[in-house]
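As provided, data.pdb (PDB, C-alpha atoms (C1' of nucleotides)) reads as follows.
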```
ATOM      1  CA  MET J 232     -23.914 -56.091  26.131
ATOM      2  CA  GLU J 233     -25.576 -59.085  24.549
ATOM      3  CA  ILE J 234     -23.705 -62.236  25.416
ATOM      4  CA  GLU J 235     -24.633 -65.628  24.114
ATOM      5  CA  ILE J 236     -23.345 -68.857  25.531
ATOM      6  CA  ASN J 237     -23.271 -72.248  23.873
ATOM      7  CA  ILE J 238     -22.999 -74.986  26.441
ATOM      8  CA  ASP J 239     -22.495 -77.505  23.649
ATOM      9  CA  ASP J 240     -19.450 -75.626  22.411
ATOM     10  CA  ASP J 241     -16.179 -77.218  23.411
ATOM     11  CA  VAL J 242     -14.837 -73.776  24.279
ATOM     12  CA  PRO J 243     -14.985 -73.386  28.083
ATOM     13  CA  LEU J 244     -17.797 -71.154  29.325
ATOM     14  CA  PHE J 245     -15.516 -68.683  31.076
ATOM     15  CA  THR J 246     -13.548 -68.352  27.833
ATOM     16  CA  GLN J 247     -16.706 -67.633  25.874
ATOM     17  CA  VAL J 248     -17.628 -64.905  28.338
ATOM     18  CA  MET J 249     -14.156 -63.384  28.117
ATOM     19  CA  GLU J 250     -14.093 -63.442  24.345
ATOM     20  CA  GLN J 251     -17.489 -61.867  23.948
ATOM     21  CA  ILE J 252     -16.738 -59.048  26.360
ATOM     22  CA  LYS J 253     -13.442 -58.442  24.603
ATOM     23  CA  GLN J 254     -15.262 -58.437  21.299
ATOM     24  CA  ALA J 255     -17.817 -55.903  22.545
ATOM     25  CA  VAL J 256     -15.024 -53.658  23.771
ATOM     26  CA  SER J 257     -13.067 -53.927  20.544
ATOM     27  CA  ALA J 258     -16.149 -53.139  18.485
ATOM     28  CA  GLY J 259     -16.801 -50.065  20.602
ATOM     29  CA  HIS J 260     -20.058 -51.354  22.017
ATOM     30  CA  CYS J 261     -18.640 -50.925  25.510
ATOM     31  CA  LEU J 262     -16.946 -47.615  26.121
ATOM     32  CA  PRO J 263     -14.302 -47.127  28.806
ATOM     33  CA  GLY J 264     -15.812 -46.350  32.171
ATOM     34  CA  SER J 265     -19.195 -47.855  31.399
ATOM     35  CA  ALA J 266     -20.552 -50.357  33.879
ATOM     36  CA  LEU J 267     -20.735 -54.083  33.296
ATOM     37  CA  PRO J 268     -23.420 -56.297  34.787
ATOM     38  CA  SER J 269     -22.563 -57.664  38.184
ATOM     39  CA  ILE J 270     -21.241 -61.192  38.459
ATOM     40  CA  ARG J 271     -24.481 -62.434  39.979
ATOM     41  CA  GLN J 272     -26.575 -60.546  37.432
ATOM     42  CA  LEU J 273     -24.682 -61.880  34.440
ATOM     43  CA  SER J 274     -24.568 -65.424  35.760
ATOM     44  CA  SER J 275     -28.304 -65.218  36.248
ATOM     45  CA  ASP J 276     -28.895 -63.899  32.729
ATOM     46  CA  LEU J 277     -26.696 -66.544  31.141
ATOM     47  CA  GLU J 278     -27.998 -69.244  33.449
ATOM     48  CA  ILE J 279     -24.501 -70.328  34.367
ATOM     49  CA  ASN J 280     -22.759 -70.527  37.715
ATOM     50  CA  SER J 281     -21.599 -67.284  39.258
ATOM     51  CA  LYS J 282     -18.149 -68.732  39.795
ATOM     52  CA  THR J 283     -17.752 -69.140  36.061
ATOM     53  CA  VAL J 284     -18.503 -65.463  35.472
ATOM     54  CA  ALA J 285     -16.274 -64.526  38.408
ATOM     55  CA  LYS J 286     -13.422 -66.400  36.780
ATOM     56  CA  ALA J 287     -13.928 -64.592  33.483
ATOM     57  CA  TYR J 288     -14.039 -61.223  35.245
ATOM     58  CA  ARG J 289     -10.944 -62.022  37.271
ATOM     59  CA  LEU J 290      -8.955 -62.809  34.133
ATOM     60  CA  LEU J 291     -10.332 -59.797  32.277
ATOM     61  CA  GLU J 292      -9.218 -57.572  35.104
ATOM     62  CA  ARG J 293      -5.760 -59.110  35.040
ATOM     63  CA  ASP J 294      -5.629 -58.288  31.331
ATOM     64  CA  GLN J 295      -6.782 -54.723  32.146
ATOM     65  CA  ILE J 296      -9.878 -55.022  30.001
ATOM     66  CA  ILE J 297     -12.164 -54.308  32.932
ATOM     67  CA  GLN J 298     -11.754 -52.740  36.351
ATOM     68  CA  THR J 299     -13.479 -53.906  39.478
ATOM     69  CA  LYS J 300     -14.175 -51.311  42.116
ATOM     70  CA  GLY J 301     -15.164 -53.506  45.003
ATOM     71  CA  HIS J 302     -18.769 -53.281  45.983
ATOM     72  CA  ARG J 303     -19.409 -50.480  43.489
ATOM     73  CA  GLY J 304     -19.326 -52.860  40.583
ATOM     74  CA  THR J 305     -17.237 -53.534  37.501
ATOM     75  CA  PHE J 306     -16.390 -51.099  34.719
ATOM     76  CA  VAL J 307     -14.610 -51.070  31.389
ATOM     77  CA  HIS J 308     -10.955 -50.222  31.802
ATOM     78  CA  PRO J 309      -9.877 -46.799  30.470
ATOM     79  CA  ASN J 310      -7.349 -48.466  28.191
ATOM     80  CA  ALA J 311      -9.484 -51.507  27.460
ATOM     81  CA  LYS J 312      -9.542 -51.264  23.697
ATOM     82  CA  ALA J 313      -5.772 -51.170  23.344
ATOM     83  CA  ASN J 314      -5.286 -53.941  25.871
ATOM     84  CA  CYS J 315      -7.538 -56.209  23.833
ATOM     85  CA  THR J 316      -4.736 -56.644  21.335
ATOM     86  CA  ILE J 317      -2.360 -58.046  23.951
ATOM     87  CA  ASN J 318      -2.463 -61.807  23.911
ATOM     88  CA  LEU J 319      -0.767 -63.375  26.884
ATOM     89  CA  GLN J 320      -1.434 -66.867  25.599
ATOM     90  CA  GLU J 321       0.598 -66.188  22.481
ATOM     91  CA  ARG J 322       3.341 -64.832  24.656
ATOM     92  CA  ALA J 323       3.308 -68.025  26.703
ATOM     93  CA  VAL J 324       3.370 -70.242  23.636
ATOM     94  CA  ALA J 325       6.265 -68.298  22.168
ATOM     95  CA  ASP J 326       8.335 -68.415  25.349
ATOM     96  CA  LEU J 327       7.704 -72.091  25.945
ATOM     97  CA  THR J 328       8.381 -72.969  22.326
ATOM     98  CA  ARG J 329      11.849 -71.504  22.572
ATOM     99  CA  ALA J 330      12.638 -73.306  25.803
ATOM    100  CA  ILE J 331      11.277 -76.638  24.622
ATOM    101  CA  GLN J 332      13.036 -76.438  21.286
ATOM    102  CA  THR J 333      16.421 -76.146  22.943
ATOM    103  CA  LEU J 334      15.625 -79.168  25.096
ATOM    104  CA  LYS J 335      14.571 -81.214  22.092
ATOM    105  CA  ASN J 336      17.789 -80.232  20.393
ATOM    106  CA  VAL J 337      19.713 -82.158  23.042
ATOM    107  CA  ASN J 338      17.446 -85.167  22.465
ATOM    108  CA  LEU J 339      15.395 -84.899  25.604
ATOM    109  CA  THR J 340      12.331 -87.115  25.436
ATOM    110  CA  ASP J 341       8.871 -85.609  25.431
ATOM    111  CA  SER J 342       8.279 -87.572  28.619
ATOM    112  CA  GLU J 343      11.328 -86.062  30.234
ATOM    113  CA  ILE J 344      10.318 -82.569  29.200
ATOM    114  CA  ARG J 345       6.807 -83.116  30.541
ATOM    115  CA  ASN J 346       8.281 -84.501  33.723
ATOM    116  CA  ALA J 347      10.547 -81.509  34.223
ATOM    117  CA  PHE J 348       7.640 -79.205  33.476
ATOM    118  CA  ALA J 349       5.518 -80.927  36.106
ATOM    119  CA  LEU J 350       8.309 -80.586  38.649
ATOM    120  CA  VAL J 351       8.582 -76.872  38.025
ATOM    121  CA  MET J 352       4.839 -76.286  38.055
ATOM    122  CA  ASN J 353       4.467 -78.195  41.299
ATOM    123  CA  GLY J 354       7.039 -76.012  42.967
ATOM    124  CA  GLN J 355       9.632 -78.784  43.120
ATOM    125  CA  GLY J 356      11.944 -76.898  40.854
ATOM    126  CA  PRO J 357      15.699 -76.503  41.308
ATOM    127  CA  LYS J 358      17.060 -76.173  44.848
ATOM    128  CA  GLY J 359      13.757 -77.040  46.457
ATOM    129  CA  GLN J 360      11.992 -73.768  45.932
TER     130      GLN J 360
ATOM    131  CA  MET L 267      27.089-105.765  37.176
ATOM    132  CA  GLU L 268      24.727-106.545  40.003
ATOM    133  CA  ILE L 269      21.464-104.743  39.537
ATOM    134  CA  GLU L 270      18.645-104.909  42.003
ATOM    135  CA  ILE L 271      15.114-103.822  41.238
ATOM    136  CA  ASN L 272      12.393-102.890  43.695
ATOM    137  CA  ILE L 273       8.994-103.192  42.098
ATOM    138  CA  ASP L 274       7.440-101.600  45.157
ATOM    139  CA  ASP L 275       9.603 -98.529  44.747
ATOM    140  CA  ASP L 276       7.806 -95.579  43.252
ATOM    141  CA  VAL L 277      10.824 -94.933  41.043
ATOM    142  CA  PRO L 278      10.052 -96.279  37.536
ATOM    143  CA  LEU L 279      11.788 -99.527  36.683
ATOM    144  CA  PHE L 280      13.602 -98.144  33.654
ATOM    145  CA  THR L 281      14.897 -95.330  35.854
ATOM    146  CA  GLN L 282      16.171 -97.785  38.427
ATOM    147  CA  VAL L 283      18.029 -99.669  35.713
ATOM    148  CA  MET L 284      19.534 -96.458  34.355
ATOM    149  CA  GLU L 285      20.618 -95.234  37.754
ATOM    150  CA  GLN L 286      22.259 -98.470  38.757
ATOM    151  CA  ILE L 287      24.205 -98.759  35.529
ATOM    152  CA  LYS L 288      25.303 -95.157  35.882
ATOM    153  CA  GLN L 289      26.296 -95.876  39.447
ATOM    154  CA  ALA L 290      28.344 -98.894  38.416
ATOM    155  CA  VAL L 291      30.114 -96.838  35.768
ATOM    156  CA  SER L 292      30.822 -93.971  38.138
ATOM    157  CA  ALA L 293      32.190 -96.331  40.759
ATOM    158  CA  GLY L 294      34.497 -97.885  38.180
ATOM    159  CA  HIS L 295      32.854-101.290  38.307
ATOM    160  CA  CYS L 296      32.181-101.049  34.574
ATOM    161  CA  LEU L 297      35.156 -99.938  32.535
ATOM    162  CA  PRO L 298      34.813 -98.293  29.125
ATOM    163  CA  GLY L 299      34.540-100.831  26.354
ATOM    164  CA  SER L 300      33.349-103.659  28.545
ATOM    165  CA  ALA L 301      30.224-105.458  27.442
ATOM    166  CA  LEU L 302      26.837-105.117  29.102
ATOM    167  CA  PRO L 303      24.313-107.918  29.263
ATOM    168  CA  SER L 304      21.986-108.033  26.307
ATOM    169  CA  ILE L 305      18.520-106.554  26.657
ATOM    170  CA  ARG L 306      16.896-109.965  26.678
ATOM    171  CA  GLN L 307      19.475-111.317  29.113
ATOM    172  CA  LEU L 308      19.101-108.490  31.595
ATOM    173  CA  SER L 309      15.312-108.453  31.378
ATOM    174  CA  SER L 310      15.369-112.172  32.091
ATOM    175  CA  ASP L 311      17.698-111.770  35.062
ATOM    176  CA  LEU L 312      15.669-108.961  36.568
ATOM    177  CA  GLU L 313      12.389-110.633  35.682
ATOM    178  CA  ILE L 314      11.069-107.528  34.030
ATOM    179  CA  ASN L 315       9.866-106.865  30.510
ATOM    180  CA  SER L 316      12.495-106.554  27.820
ATOM    181  CA  LYS L 317      10.943-103.328  26.659
ATOM    182  CA  THR L 318      11.677-101.759  30.003
ATOM    183  CA  VAL L 319      15.348-102.629  29.710
ATOM    184  CA  ALA L 320      15.341-101.511  26.091
ATOM    185  CA  LYS L 321      14.026 -98.136  27.177
ATOM    186  CA  ALA L 322      16.747 -97.767  29.799
ATOM    187  CA  TYR L 323      19.434 -98.730  27.268
ATOM    188  CA  ARG L 324      18.042 -96.336  24.669
ATOM    189  CA  LEU L 325      18.230 -93.432  27.092
ATOM    190  CA  LEU L 326      21.661 -94.435  28.349
ATOM    191  CA  GLU L 327      22.914 -94.452  24.791
ATOM    192  CA  ARG L 328      21.461 -91.011  24.194
ATOM    193  CA  ASP L 329      23.357 -89.828  27.272
ATOM    194  CA  GLN L 330      26.497 -91.496  25.884
ATOM    195  CA  ILE L 331      26.874 -93.743  28.887
ATOM    196  CA  ILE L 332      26.690 -96.865  26.768
ATOM    197  CA  GLN L 333      27.174 -97.683  23.099
ATOM    198  CA  THR L 334      25.109-100.154  21.159
ATOM    199  CA  LYS L 335      26.811-101.886  18.270
ATOM    200  CA  GLY L 336      23.840-103.537  16.604
ATOM    201  CA  HIS L 337      23.861-107.293  16.766
ATOM    202  CA  ARG L 338      27.260-107.338  18.448
ATOM    203  CA  GLY L 339      25.849-106.146  21.713
ATOM    204  CA  THR L 340      26.090-103.156  24.022
ATOM    205  CA  PHE L 341      29.228-101.718  25.570
ATOM    206  CA  VAL L 342      30.258 -99.031  28.008
ATOM    207  CA  HIS L 343      30.932 -95.762  26.215
ATOM    208  CA  PRO L 344      34.599 -94.647  26.114
ATOM    209  CA  ASN L 345      33.692 -91.401  27.843
ATOM    210  CA  ALA L 346      31.019 -92.919  30.051
ATOM    211  CA  LYS L 347      32.367 -91.843  33.392
ATOM    212  CA  ALA L 348      32.572 -88.173  32.479
ATOM    213  CA  ASN L 349      29.152 -88.234  30.859
ATOM    214  CA  CYS L 350      27.613 -89.556  34.060
ATOM    215  CA  THR L 351      27.938 -86.107  35.550
ATOM    216  CA  ILE L 352      25.773 -84.535  32.857
ATOM    217  CA  ASN L 353      22.196 -84.341  34.015
ATOM    218  CA  LEU L 354      19.792 -83.482  31.244
ATOM    219  CA  GLN L 355      16.839 -83.461  33.612
ATOM    220  CA  GLU L 356      18.413 -80.693  35.637
ATOM    221  CA  ARG L 357      19.053 -78.808  32.456
ATOM    222  CA  ALA L 358      15.399 -79.164  31.518
ATOM    223  CA  VAL L 359      14.186 -78.038  34.920
ATOM    224  CA  ALA L 360      16.472 -75.029  34.847
ATOM    225  CA  ASP L 361      15.423 -73.954  31.359
ATOM    226  CA  LEU L 362      11.729 -74.393  32.048
ATOM    227  CA  THR L 363      11.966 -72.648  35.393
ATOM    228  CA  ARG L 364      13.311 -69.550  33.717
ATOM    229  CA  ALA L 365      10.620 -69.542  31.042
ATOM    230  CA  ILE L 366       7.794 -70.208  33.482
ATOM    231  CA  GLN L 367       8.990 -67.597  35.932
ATOM    232  CA  THR L 368       8.754 -64.866  33.332
ATOM    233  CA  LEU L 369       5.239 -65.982  32.481
ATOM    234  CA  LYS L 370       4.174 -65.937  36.115
ATOM    235  CA  ASN L 371       5.628 -62.476  36.417
ATOM    236  CA  VAL L 372       2.988 -61.217  33.993
ATOM    237  CA  ASN L 373       0.298 -62.955  36.066
ATOM    238  CA  LEU L 374      -0.396 -65.829  33.731
ATOM    239  CA  THR L 375      -2.458 -68.505  35.437
ATOM    240  CA  ASP L 376      -0.999 -71.936  36.021
ATOM    241  CA  SER L 377      -3.822 -73.246  33.861
ATOM    242  CA  GLU L 378      -2.871 -70.937  31.031
ATOM    243  CA  ILE L 379       0.764 -71.909  31.281
ATOM    244  CA  ARG L 380      -0.151 -75.586  31.250
ATOM    245  CA  ASN L 381      -2.449 -74.970  28.326
ATOM    246  CA  ALA L 382       0.267 -73.224  26.335
ATOM    247  CA  PHE L 383       2.704 -75.997  27.216
ATOM    248  CA  ALA L 384       0.265 -78.612  25.950
ATOM    249  CA  LEU L 385      -0.170 -76.706  22.695
ATOM    250  CA  VAL L 386       3.559 -76.594  22.136
ATOM    251  CA  MET L 387       4.109 -80.241  23.029
ATOM    252  CA  ASN L 388       1.321 -81.311  20.707
ATOM    253  CA  GLY L 389       2.921 -79.513  17.822
ATOM    254  CA  GLN L 390       0.241 -76.853  17.713
ATOM    255  CA  GLY L 391       2.711 -74.153  18.559
ATOM    256  CA  PRO L 392       2.985 -70.762  16.877
ATOM    257  CA  LYS L 393       2.439 -70.588  13.142
ATOM    258  CA  GLY L 394       1.259 -74.152  12.867
ATOM    259  CA  GLN L 395       4.597 -75.864  13.190
TER     260      GLN L 395
ATOM    261  C1'  DT X 144     -30.669 -54.325  54.608
ATOM    262  C1'  DA X 145     -29.289 -55.674  50.102
ATOM    263  C1'  DT X 146     -25.681 -55.932  46.799
ATOM    264  C1'  DT X 147     -20.824 -55.807  45.479
ATOM    265  C1'  DG X 148     -16.496 -58.655  44.499
ATOM    266  C1'  DT X 149     -14.074 -62.145  46.676
ATOM    267  C1'  DA X 150     -12.410 -66.295  49.100
ATOM    268  C1'  DC X 151     -12.846 -70.477  50.875
ATOM    269  C1'  DC X 152     -14.578 -75.565  51.304
ATOM    270  C1'  DC X 153     -16.074 -79.984  48.737
ATOM    271  C1'  DC X 154     -17.666 -82.551  44.709
ATOM    272  C1'  DT X 155     -18.211 -84.799  39.735
ATOM    273  C1'  DA X 156     -16.983 -85.702  34.883
ATOM    274  C1'  DC X 157     -13.751 -85.835  31.613
ATOM    275  C1'  DA X 158      -9.347 -85.873  29.251
ATOM    276  C1'  DT X 159      -4.463 -86.697  28.971
ATOM    277  C1'  DC X 160      -0.333 -88.932  29.975
ATOM    278  C1'  DA X 161       3.204 -92.148  31.987
ATOM    279  C1'  DA X 162       4.717 -96.711  33.070
ATOM    280  C1'  DA X 163       4.738-101.257  32.057
ATOM    281  C1'  DG X 164       3.745-105.329  29.821
ATOM    282  C1'  DG X 165       2.271-108.607  25.749
ATOM    283  C1'  DG X 166       3.110-109.797  21.285
ATOM    284  C1'  DT X 167       5.141-109.889  16.675
ATOM    285  C1'  DA X 168       8.441-108.882  13.320
ATOM    286  C1'  DC X 169      12.740-107.330  11.036
ATOM    287  C1'  DA X 170      17.842-107.067   9.168
ATOM    288  C1'  DT X 171      22.252-108.155  10.515
ATOM    289  C1'  DA X 172      26.014-110.945  11.740
ATOM    290  C1'  DT X 173      28.105-114.973  13.835
TER     291       DT X 173
ATOM    292  C1'  DA G  75      19.978-121.433  13.298
ATOM    293  C1'  DT G  76      20.697-118.092  16.854
ATOM    294  C1'  DA G  77      21.236-113.846  19.221
ATOM    295  C1'  DT G  78      21.501-108.783  18.656
ATOM    296  C1'  DG G  79      19.081-104.144  18.895
ATOM    297  C1'  DT G  80      15.066-102.193  17.174
ATOM    298  C1'  DA G  81      10.346-100.960  15.652
ATOM    299  C1'  DC G  82       5.786-101.508  15.510
ATOM    300  C1'  DC G  83       0.914-102.939  17.209
ATOM    301  C1'  DC G  84      -2.191-103.426  21.291
ATOM    302  C1'  DT G  85      -3.571-103.247  26.396
ATOM    303  C1'  DT G  86      -4.256-101.892  31.591
ATOM    304  C1'  DT G  87      -3.307 -99.079  35.554
ATOM    305  C1'  DG G  88      -2.811 -95.043  38.038
ATOM    306  C1'  DA G  89      -1.926 -90.139  38.560
ATOM    307  C1'  DT G  90      -2.996 -85.461  37.477
ATOM    308  C1'  DG G  91      -5.323 -81.389  35.786
ATOM    309  C1'  DT G  92      -9.403 -78.824  33.999
ATOM    310  C1'  DA G  93     -14.121 -77.089  33.828
ATOM    311  C1'  DG G  94     -17.880 -76.515  36.219
ATOM    312  C1'  DG G  95     -21.058 -76.534  39.936
ATOM    313  C1'  DG G  96     -22.888 -76.243  45.113
ATOM    314  C1'  DG G  97     -22.548 -74.025  49.146
ATOM    315  C1'  DT G  98     -21.146 -70.669  52.598
ATOM    316  C1'  DA G  99     -19.107 -66.649  54.271
ATOM    317  C1'  DC G 100     -16.867 -62.076  54.513
ATOM    318  C1'  DA G 101     -16.085 -56.638  54.566
ATOM    319  C1'  DA G 102     -17.518 -52.627  52.384
ATOM    320  C1'  DT G 103     -20.999 -49.549  50.887
ATOM    321  C1'  DA G 104     -25.088 -47.194  49.128
TER     322       DA G 104
END
```
Can you turn what I pasted into structure tokens?
Amino acid sequence: MEIEINIDDDVPLFTQVMEQIKQAVSAGHCLPGSALPSIRQLSSDLEINSKTVAKAYRLLERDQIIQTKGHRGTFVHPNAKANCTINLQERAVADLTRAIQTLKNVNLTDSEIRNAFALVMNGQGPKGQ
Amino acid sequence: MEIEINIDDDVPLFTQVMEQIKQAVSAGHCLPGSALPSIRQLSSDLEINSKTVAKAYRLLERDQIIQTKGHRGTFVHPNAKANCTINLQERAVADLTRAIQTLKNVNLTDSEIRNAFALVMNGQGPKGQ
DNA sequence: TATTGTACCCCTACATCAAAGGGTACATAT
DNA sequence: ATATGTACCCTTTGATGTAGGGGTACAATA
């Protein structure tokens, strides 16, 4: 588990942490069930804020790459290697591309699309949800 | 064709112009085929920039509320009244709500959804379109 | 008691975007 | 010559969102 962080890189720190852990899992350097360093430990090693590591861990657990067992620590998910191939971001881009394309086809302005998007994201969607 | 503009209103000026013209058409105060004031004329009357009026006219023409006939001026669209009921913004909100809801259902972060949206809007969507 | 993940609060720096205006120019048609 | 819609260039202003950090606190457990 050797992770290197470049603060000068324009890739966000939490993304770098995520990618490197994913890479280690994919390469077989981290086997399912093995323990990962604690959030505080890793943040100390990398000399970055613990909240940044916590964010990376939180997203990795959502993606089922790791498993957190409360106070007992964090471990590699049993199905981690397979789940590394799932890319939610690509899924999001694909879904949104379809939706946006249909809106552009009826000549909606980029501004209008952005505006509608903001309304939905801010919970001011249709029928005041 | 009496249009009143409130600069203090938080509704954008071009939106106010659009809404009031739509309102006049819906109420039957502007019959199909009748002429609208020119962009320069209306911007002068309202004491706002001509580009603001031009933007309102451009969008109204897209929505087929008005028709611009080049140098001859701008006129109310033959089917204006019916087209006033079509709300593209609602369409956009509805479409995006569906897409975003499915993404939230797989626990995508708001940040990730916004990020994917930005990629698509900036033409960096899937497969380098 | 110390460590675990987690959940709050507040803050700064930075980027992006929308709205609006200022200005200039163009081809077309009367 | 004049008025039409239109298409560019530039600018300022304000709002919003992200990344990251600082700090504090909590229940559970070994």
Contacts of chain J with chain G up to 10 Å, shortest pair per row, only C-alpha atoms (C1' of nucleotides), as CSV:
```
residue,atom,partner,partner_atom,distance
J:Pro243,CA,G:DA93,C1',6.9
J:Leu244,CA,G:DA93,C1',8.3
J:Phe245,CA,G:DA93,C1',9.0
J:Ile279,CA,G:DG95,C1',9.0
J:Asn280,CA,G:DG95,C1',6.6
J:Ser281,CA,G:DG95,C1',9.3
J:Lys282,CA,G:DG95,C1',8.3
J:Thr283,CA,G:DG94,C1',7.4
J:Gly301,CA,G:DA102,C1',7.8
J:His302,CA,G:DT103,C1',6.6
J:Arg303,CA,G:DT103,C1',7.6
J:Ala349,CA,G:DT90,C1',9.7
```
| message | Neighbouring residues of segment 271-276 of chain J were defined as those with any atom within 10 Å, considering only C-alpha atoms (C1' of nucleotides); residues of the same chain fewer than 2 positions away were excluded. Please report them as a VMD selection string. | response | (chain J and resid 234 to 235 248 267 to 269 278 to 285) or (chain X and resid 146 to 148)
| request: Could the residues of chain X within 12 Å of chain J, counting all atoms listed in the file, be given as a list of chain:residue names, please? | output: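 Residues of chain X within 12 Å of chain J, counting all atoms listed in the file: X:DA145, X:DT146, X:DT147, X:DG148, X:DT149, X:DA150, X:DT159, X:DC160, X:DA161, X:DA162.
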Per residue of chain L within 12 Å of chain J, which atom pair is closest and at what distance in Å (one decimal), using all atoms listed in the file, listed by chain and increasing number, as a Markdown table?
```
| residue | atom | partner | partner_atom | distance |
| --- | --- | --- | --- | --- |
| L:Thr281 | CA | J:Glu343 | CA | 11.4 |
| L:Lys321 | CA | J:Thr340 | CA | 11.3 |
| L:Arg324 | CA | J:Thr340 | CA | 10.9 |
| L:Leu325 | CA | J:Thr340 | CA | 8.8 |
| L:Leu326 | CA | J:Leu339 | CA | 11.7 |
| L:Glu327 | CA | J:Asn338 | CA | 11.0 |
| L:Arg328 | CA | J:Asn338 | CA | 7.3 |
| L:Asp329 | CA | J:Asn338 | CA | 8.9 |
| L:Gln330 | CA | J:Asn338 | CA | 11.6 |
| L:Ile352 | CA | J:Val337 | CA | 11.8 |
| L:Asn353 | CA | J:Leu339 | CA | 10.8 |
| L:Leu354 | CA | J:Leu339 | CA | 7.3 |
| L:Gln355 | CA | J:Ala347 | CA | 6.6 |
| L:Glu356 | CA | J:Pro357 | CA | 7.6 |
| L:Arg357 | CA | J:Leu334 | CA | 8.1 |
| L:Ala358 | CA | J:Ala347 | CA | 6.0 |
| L:Val359 | CA | J:Ala347 | CA | 5.1 |
| L:Ala360 | CA | J:Pro357 | CA | 6.7 |
| L:Asp361 | CA | J:Ala330 | CA | 6.2 |
| L:Leu362 | CA | J:Ala330 | CA | 6.4 |
| L:Thr363 | CA | J:Val351 | CA | 6.0 |
| L:Arg364 | CA | J:Ala330 | CA | 8.8 |
| L:Ala365 | CA | J:Asp326 | CA | 6.2 |
| L:Ile366 | CA | J:Leu327 | CA | 7.8 |
| L:Gln367 | CA | J:Val351 | CA | 9.5 |
| L:Thr368 | CA | J:Asp326 | CA | 8.7 |
| L:Leu369 | CA | J:Ala323 | CA | 6.4 |
| L:Lys370 | CA | J:Ala323 | CA | 9.7 |
| L:Asn371 | CA | J:Ala323 | CA | 11.4 |
| L:Val372 | CA | J:Leu319 | CA | 8.3 |
| L:Asn373 | CA | J:Arg293 | CA | 7.2 |
| L:Leu374 | CA | J:Leu319 | CA | 7.3 |
| L:Thr375 | CA | J:Leu290 | CA | 8.7 |
| L:Asp376 | CA | J:Met352 | CA | 7.6 |
| L:Ser377 | CA | J:Met352 | CA | 10.1 |
| L:Glu378 | CA | J:Gln320 | CA | 6.9 |
| L:Ile379 | CA | J:Ala323 | CA | 6.5 |
| L:Arg380 | CA | J:Met352 | CA | 8.5 |
| L:Asn381 | CA | J:Gln320 | CA | 8.6 |
| L:Ala382 | CA | J:Val324 | CA | 5.1 |
| L:Phe383 | CA | J:Leu327 | CA | 6.5 |
| L:Ala384 | CA | J:Arg345 | CA | 9.2 |
| L:Leu385 | CA | J:Val324 | CA | 7.4 |
| L:Val386 | CA | J:Thr328 | CA | 6.0 |
| L:Met387 | CA | J:Asp341 | CA | 7.6 |
| L:Asn388 | CA | J:Asp341 | CA | 9.9 |
| L:Gly389 | CA | J:Thr328 | CA | 9.6 |
| L:Gln390 | CA | J:Val324 | CA | 9.4 |
| L:Gly391 | CA | J:Val324 | CA | 6.4 |
| L:Pro392 | CA | J:Ala325 | CA | 6.7 |
| L:Lys393 | CA | J:Ala325 | CA | 10.1 |
| L:Gly394 | CA | J:Val324 | CA | 11.6 |
| L:Gln395 | CA | J:Thr328 | CA | 10.3 |
```
| request: Taking the file above as input, evaluate the PyMOL selection byres ((chain J and resi 256) around 10) and report the hits as a ChimeraX atom specification. | output: /J:232,250-255,257-263,296-297,307-308,311-315
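When chain L is least-squares superimposed on chain J using all C-alpha positions, the deviation that remains is 0.1 Å RMSD.
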Is it possible to get the axis-aligned box enclosing segment 154-166 of chain X (all listed atoms, 5 Å extra per side) as AutoDock Vina command-line options, with centre and edge lengths in Å rounded to one decimal?
```
--center_x -6.7 --center_y -96.2 --center_z 33.0 --size_x 32.9 --size_y 37.2 --size_z 33.4
```
| request: Using atom CA of Met249 of chain J and atom CA of Ala287 of chain J as the two end points, give the distance in Å to one decimal. | output: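 So the two atoms, atom CA of Met249 of chain J and atom CA of Ala287 of chain J, lie 5.5 Å apart.
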